[in-house]
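Written below as structure tokens is the structure these notes are about.
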Amino acid sequence: MQSTATTERGPVAIIGAGLIGRAWAIVFARAGHPVRLHDMDRHTMQASHAYIEARLHELADFDLLTDAPHTVLARITCVPDLAVALRGVVLAQENVRETVEAKIEIFQRMDTLAPKEAILASSTSWLPASEFTNDLPGRARCLVAHPTNPPYLIPLVELCPAPWTAADVMIRAHTLYSAAGQSPVVLSREIHGFLLNRVQAAVLNECFKLHEDGLASAEDIDRVLKDGLALRWSFMGPFETIDLNAPAGVADYAARYGQQNRAAVDSEHAFSWSESAVDRVHQERRRALELEGIALRSAWRDKRLMALAAHKRQAPDC
Ligand SMILES: NC(=O)c1ccc[n+]([C@@H]2O[C@H](COP(=O)([O-])OP(=O)(O)OC[C@H]3O[C@@H](n4cnc5c(N)ncnc54)[C@H](O)[C@@H]3O)[C@@H](O)[C@H]2O)c1
């Protein structure tokens with residue numbers, strides 16, 4: 001999408017300061033926006049401040065911040081009053097829990113309180129904006145902007161319009177997220193799961209099927225990605241990958257391997273997500289990592305992502 005609008009560095013409201021909201025606060029404050037962080041739970045808001053400060057120091061350690069951590073942190077204000085949080089904003093990024101009812105309620109309030117020209121975006125992972133913006137007078141300025149966790153390390157943001165989202169809102173949103181260092185992709189229309197979760201669902205479907213059929217352990221199936229496919233996928237997509245895997249590109253790849261790919265998919269049927277099959281993978285994972293270790297391992301994952309982000313920053317074509 002061509003971005004013609006000028007870059008806006010105005011105030012951004014982050015509504016809901018849980019896992020995703022506090023991560024978005026880092027993205028926009030790092031890019032120079034004043035950020036108003038709002039949550040209905042004061043304790044969550046206070047806890048998010050310490051959380052953000054710790055992440056900013058980690059980012060600085062990996063040379064992923066242009067400004068000093070205290071400068072970025074000073075741009076973030078915790079605001080308990082929603083009306084105050086939304087005053088004069090260019091964007092309100094909603095991150096409350098994932099139910100249609102919760103989204104309808106908060107979007108009604110955001111549409112009433114935010115300036116008329118402000119963009120209202122939802123971080124929803126699965127819900128199309130048409131399900132919670134239909135009755136709003138300002139529905140033309142609403143869209144989904146679905147991040148990947150955590151957005152300050154994984155830049156993809158999926159911009160998905162409702163049928164009534166204005167074209168200029170999509171362009172302004174694209175400009176704003178790009179200028180904040182994100183990597184926006186634009187859907188032409190609504191679809192369940194947008195792009196990322198559909199691709200992930202297809203991969204998970206096959207991985208669970210292979211495990212259920214006893215073809216390999218969960219550890220080895222994970223290894224297929226981490227020591228195989230995903231090494232290339234961290235800097236090129238599956239289309240570019242096959243384009244390079246046959247001397248004459250995608251068409252050549254399809255002529256050589258298209259029918260084999262087709263046969264592999266034809267033999268597949270959808271994984272049921274049955275409790276017993278999921279439990280077998282869960283138990284294998286618990287032998288590798290006890291539940292108590294998940295937080296520590298997640299922190300380790302984020303440090304690896306920071307190292308990868310620092311590497312990709314030095315190789316901008318990635
Ligand atoms: N967790 C992920 O990996 C992930 C990734 C991408 C998108 N998302 C989406 O982001 C959204 C938030 O997910 P999360 O994981 O951060 O959830 P979370 O439970 O960690 O945080 C939700 C926060 O919203 C607050 N809240 C709820 N209702 C509110 C209201 N009316 N006003 C103000 N604050 C309110 C809660 O107090 C809570 O702190 C969901 O729509 C989710 O689908 C999550």
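Each chain of the structure tokens is named A, B, ... in the order shown, its residues numbered from 1; ligands are numbered from 1 in display order.
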* Shell of 8 Å around ligand 1 (only C-alpha atoms and all ligand atoms), written as number ranges by chain -> A: 15-22, 38-41, 44-45, 82, 94-99, 102, 105-106, 122-126, 146-150
* From the DSSP assignment of the backbone, select every residue of region 12-228 of chain A that is strand (DSSP E), and format the answer as a ChimeraX atom specification. => /A:12-15,35-38,76-78,91-94,119-122,142-147,156-161,183-186
Write out as a short mmCIF file (atom, residue, chain, number, x, y, z; two decimals) with C-alpha atoms, in the first residue's frame which residues come within 8 Å of Gln108 (chain A) when counting only C-alpha atoms, dropping same-chain ones fewer than 4 positions away.
data_model
loop_
_atom_site.label_atom_id
_atom_site.label_comp_id
_atom_site.auth_asym_id
_atom_site.auth_seq_id
_atom_site.Cartn_x
_atom_site.Cartn_y
_atom_site.Cartn_z
CA ILE A 104 -18.40 -3.74 21.75
CA THR A 112 -17.74 8.62 22.08
CA THR A 133 -18.10 -1.67 15.35
CA LEU A 136 -20.89 3.07 15.92
#
* Closest of A:Glu212, A:Asp227, A:Asp317, A:Asp243 to Ser274 (chain A) - atom-to-atom distances counting only C-alpha atoms ->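 For Ser274 (chain A), the nearest of the candidates is A:Glu212.
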* To do: For Arg280 (chain A), work out the shell of residues within 10 Å, counting only C-alpha atoms and skipping chain neighbours fewer than 5 positions away, then give it as number ranges by chain.
  => A: 208, 211-212, 217-218, 275, 285-286
* List the neighbours of Leu153 (chain A) out to 9 Å using only C-alpha atoms; skip same-chain residues closer than 2 positions along the sequence, and give me the result as a list in words. =>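 In the requested format, the answer is Val27, Thr148, Asn149, Pro150, Pro151, Pro155, Asp302, Leu305, Met306, Leu308 and Ala309 of chain A.
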Same residues, all heavy atoms, output as an mmCIF file, in the first residue's frame:
data_model
loop_
_atom_site.group_PDB
_atom_site.id
_atom_site.type_symbol
_atom_site.label_atom_id
_atom_site.label_comp_id
_atom_site.auth_asym_id
_atom_site.auth_seq_id
_atom_site.Cartn_x
_atom_site.Cartn_y
_atom_site.Cartn_z
ATOM 1 N N VAL A 27 6.365 0.091 21.947
ATOM 2 C CA VAL A 27 6.506 0.380 20.503
ATOM 3 C C VAL A 27 6.334 1.876 20.229
ATOM 4 O O VAL A 27 7.174 2.509 19.581
ATOM 5 C CB VAL A 27 5.448 -0.413 19.687
ATOM 6 C CG1 VAL A 27 5.358 0.099 18.245
ATOM 7 C CG2 VAL A 27 5.756 -1.899 19.718
ATOM 8 N N THR A 148 1.877 -9.162 16.753
ATOM 9 C CA THR A 148 2.429 -10.463 17.127
ATOM 10 C C THR A 148 3.178 -10.245 18.436
ATOM 11 O O THR A 148 3.852 -9.233 18.610
ATOM 12 C CB THR A 148 3.397 -10.959 16.028
ATOM 13 O OG1 THR A 148 2.762 -10.764 14.774
ATOM 14 C CG2 THR A 148 3.724 -12.415 16.197
ATOM 15 N N ASN A 149 3.047 -11.173 19.340
ATOM 16 C CA ASN A 149 3.599 -11.001 20.688
ATOM 17 C C ASN A 149 5.089 -11.320 20.761
ATOM 18 O O ASN A 149 5.477 -12.413 20.367
ATOM 19 C CB ASN A 149 2.827 -11.916 21.656
ATOM 20 C CG ASN A 149 3.319 -11.780 23.076
ATOM 21 O OD1 ASN A 149 3.621 -10.696 23.538
ATOM 22 N ND2 ASN A 149 3.451 -12.906 23.758
ATOM 23 N N PRO A 150 5.923 -10.416 21.296
ATOM 24 C CA PRO A 150 5.629 -9.036 21.675
ATOM 25 C C PRO A 150 5.938 -8.088 20.520
ATOM 26 O O PRO A 150 6.979 -8.229 19.860
ATOM 27 C CB PRO A 150 6.607 -8.791 22.839
ATOM 28 C CG PRO A 150 7.786 -9.673 22.549
ATOM 29 C CD PRO A 150 7.292 -10.826 21.740
ATOM 30 N N PRO A 151 5.032 -7.120 20.250
ATOM 31 C CA PRO A 151 5.204 -6.271 19.059
ATOM 32 C C PRO A 151 6.461 -5.409 19.051
ATOM 33 O O PRO A 151 6.873 -4.969 17.992
ATOM 34 C CB PRO A 151 3.939 -5.405 19.055
ATOM 35 C CG PRO A 151 3.369 -5.519 20.417
ATOM 36 C CD PRO A 151 3.779 -6.846 20.964
ATOM 37 N N PRO A 155 7.821 -7.307 14.454
ATOM 38 C CA PRO A 155 7.188 -6.086 13.927
ATOM 39 C C PRO A 155 5.883 -6.290 13.147
ATOM 40 O O PRO A 155 5.174 -5.314 12.912
ATOM 41 C CB PRO A 155 8.272 -5.506 13.006
ATOM 42 C CG PRO A 155 9.139 -6.664 12.631
ATOM 43 C CD PRO A 155 9.106 -7.618 13.794
ATOM 44 N N ASP A 302 12.511 -14.199 24.753
ATOM 45 C CA ASP A 302 12.531 -12.784 24.385
ATOM 46 C C ASP A 302 13.963 -12.273 24.205
ATOM 47 O O ASP A 302 14.221 -11.430 23.343
ATOM 48 C CB ASP A 302 11.768 -11.945 25.413
ATOM 49 C CG ASP A 302 10.258 -12.148 25.280
ATOM 50 O OD1 ASP A 302 9.827 -12.823 24.315
ATOM 51 O OD2 ASP A 302 9.501 -11.648 26.119
ATOM 52 N N LEU A 305 14.955 -13.395 20.855
ATOM 53 C CA LEU A 305 14.307 -12.540 19.852
ATOM 54 C C LEU A 305 15.022 -11.190 19.748
ATOM 55 O O LEU A 305 15.143 -10.630 18.658
ATOM 56 C CB LEU A 305 12.839 -12.308 20.226
ATOM 57 C CG LEU A 305 11.866 -13.429 19.852
ATOM 58 C CD1 LEU A 305 10.493 -13.158 20.458
ATOM 59 C CD2 LEU A 305 11.749 -13.580 18.326
ATOM 60 N N MET A 306 15.496 -10.668 20.879
ATOM 61 C CA MET A 306 16.225 -9.396 20.838
ATOM 62 C C MET A 306 17.523 -9.552 20.047
ATOM 63 O O MET A 306 17.874 -8.684 19.236
ATOM 64 C CB MET A 306 16.543 -8.911 22.271
ATOM 65 C CG MET A 306 15.318 -8.371 22.973
ATOM 66 S SD MET A 306 15.699 -7.735 24.622
ATOM 67 C CE MET A 306 14.064 -7.801 25.345
ATOM 68 N N LEU A 308 18.042 -11.683 17.713
ATOM 69 C CA LEU A 308 17.657 -11.829 16.300
ATOM 70 C C LEU A 308 17.263 -10.469 15.708
ATOM 71 O O LEU A 308 17.656 -10.131 14.575
ATOM 72 C CB LEU A 308 16.490 -12.819 16.188
ATOM 73 C CG LEU A 308 16.015 -13.172 14.785
ATOM 74 C CD1 LEU A 308 17.137 -13.771 13.944
ATOM 75 C CD2 LEU A 308 14.829 -14.150 14.852
ATOM 76 N N ALA A 309 16.508 -9.676 16.486
ATOM 77 C CA ALA A 309 16.104 -8.340 15.998
ATOM 78 C C ALA A 309 17.345 -7.480 15.756
ATOM 79 O O ALA A 309 17.409 -6.741 14.767
ATOM 80 C CB ALA A 309 15.170 -7.677 17.008
#
* To do: Would you kindly return, as a PyMOL selection string, each protein, DNA or RNA residue with an atom no farther than 10 Å from any atom of Pro11 (chain A), considering only C-alpha atoms and excluding same-chain residues fewer than 3 positions away?
  => chain A and resi 8+14+28-29+32-36+75-76+85-92
Quick one: write out the picked residues with N, CA, C and O atoms as a short mmCIF file (atom, residue, chain, number, x, y, z; two decimals), in the first residue's frame?
data_model
loop_
_atom_site.label_atom_id
_atom_site.label_comp_id
_atom_site.auth_asym_id
_atom_site.auth_seq_id
_atom_site.Cartn_x
_atom_site.Cartn_y
_atom_site.Cartn_z
N GLU A 8 2.33 10.97 11.67
CA GLU A 8 1.80 11.63 12.85
C GLU A 8 2.55 11.12 14.08
O GLU A 8 2.63 9.91 14.27
N ILE A 14 -3.27 3.66 24.79
CA ILE A 14 -3.24 2.19 24.83
C ILE A 14 -4.30 1.78 25.84
O ILE A 14 -4.19 2.09 27.03
N PHE A 28 5.23 2.45 20.75
CA PHE A 28 4.93 3.84 20.38
C PHE A 28 5.82 4.83 21.12
O PHE A 28 6.22 5.85 20.56
N ALA A 29 6.15 4.53 22.39
CA ALA A 29 7.04 5.44 23.13
C ALA A 29 8.44 5.39 22.53
O ALA A 29 9.10 6.42 22.40
N GLY A 32 8.75 7.72 19.74
CA GLY A 32 8.64 9.16 20.01
C GLY A 32 7.25 9.66 20.32
O GLY A 32 7.06 10.87 20.52
N HIS A 33 6.24 8.77 20.33
CA HIS A 33 4.88 9.22 20.66
C HIS A 33 4.69 9.37 22.17
O HIS A 33 5.14 8.49 22.92
N PRO A 34 4.01 10.42 22.61
CA PRO A 34 3.52 10.41 23.98
C PRO A 34 2.47 9.29 24.09
O PRO A 34 1.61 9.16 23.21
N VAL A 35 2.57 8.46 25.14
CA VAL A 35 1.68 7.30 25.27
C VAL A 35 0.87 7.41 26.56
O VAL A 35 1.42 7.65 27.63
N ARG A 36 -0.45 7.25 26.44
CA ARG A 36 -1.32 7.21 27.62
C ARG A 36 -1.75 5.76 27.80
O ARG A 36 -2.46 5.21 26.96
N ARG A 75 7.92 9.10 28.33
CA ARG A 75 6.83 9.39 27.36
C ARG A 75 5.55 8.65 27.73
O ARG A 75 4.50 8.90 27.14
N ILE A 76 5.64 7.68 28.66
CA ILE A 76 4.47 6.85 28.98
C ILE A 76 3.84 7.32 30.29
O ILE A 76 4.51 7.39 31.32
N ALA A 85 -7.38 9.73 28.97
CA ALA A 85 -6.42 8.95 28.15
C ALA A 85 -6.63 9.23 26.67
O ALA A 85 -5.67 9.24 25.89
N LEU A 86 -7.88 9.46 26.27
CA LEU A 86 -8.19 9.60 24.84
C LEU A 86 -8.12 11.05 24.33
O LEU A 86 -8.24 11.29 23.12
N ARG A 87 -7.88 11.97 25.23
CA ARG A 87 -7.91 13.39 24.83
C ARG A 87 -6.80 13.69 23.81
O ARG A 87 -5.62 13.46 24.06
N GLY A 88 -7.18 14.18 22.64
CA GLY A 88 -6.21 14.65 21.64
C GLY A 88 -5.38 13.56 20.96
O GLY A 88 -4.38 13.86 20.32
N VAL A 89 -5.80 12.28 21.07
CA VAL A 89 -4.95 11.21 20.50
C VAL A 89 -5.10 11.11 18.98
O VAL A 89 -6.12 11.50 18.41
N VAL A 90 -4.05 10.59 18.33
CA VAL A 90 -4.14 10.29 16.89
C VAL A 90 -4.56 8.84 16.69
O VAL A 90 -5.10 8.47 15.64
N LEU A 91 -4.30 8.00 17.72
CA LEU A 91 -4.62 6.57 17.62
C LEU A 91 -4.98 6.05 19.00
O LEU A 91 -4.33 6.39 19.99
N ALA A 92 -6.03 5.23 19.06
CA ALA A 92 -6.33 4.47 20.29
C ALA A 92 -6.19 2.99 19.92
O ALA A 92 -6.86 2.50 19.01
#
* In region 42-204 of chain A, what's helix (DSSP H, G or I) per DSSP? Answer as a PyMOL selection string? -> chain A and resi 42-61+69-74+82-85+100-113+130-133+139-141+167-179+196-204
* Which of these residues is nearest to Thr175 (chain A), using only C-alpha atoms: A:Leu229, A:Ala54, A:Ile119, A:Ala315? -> A:Ile119
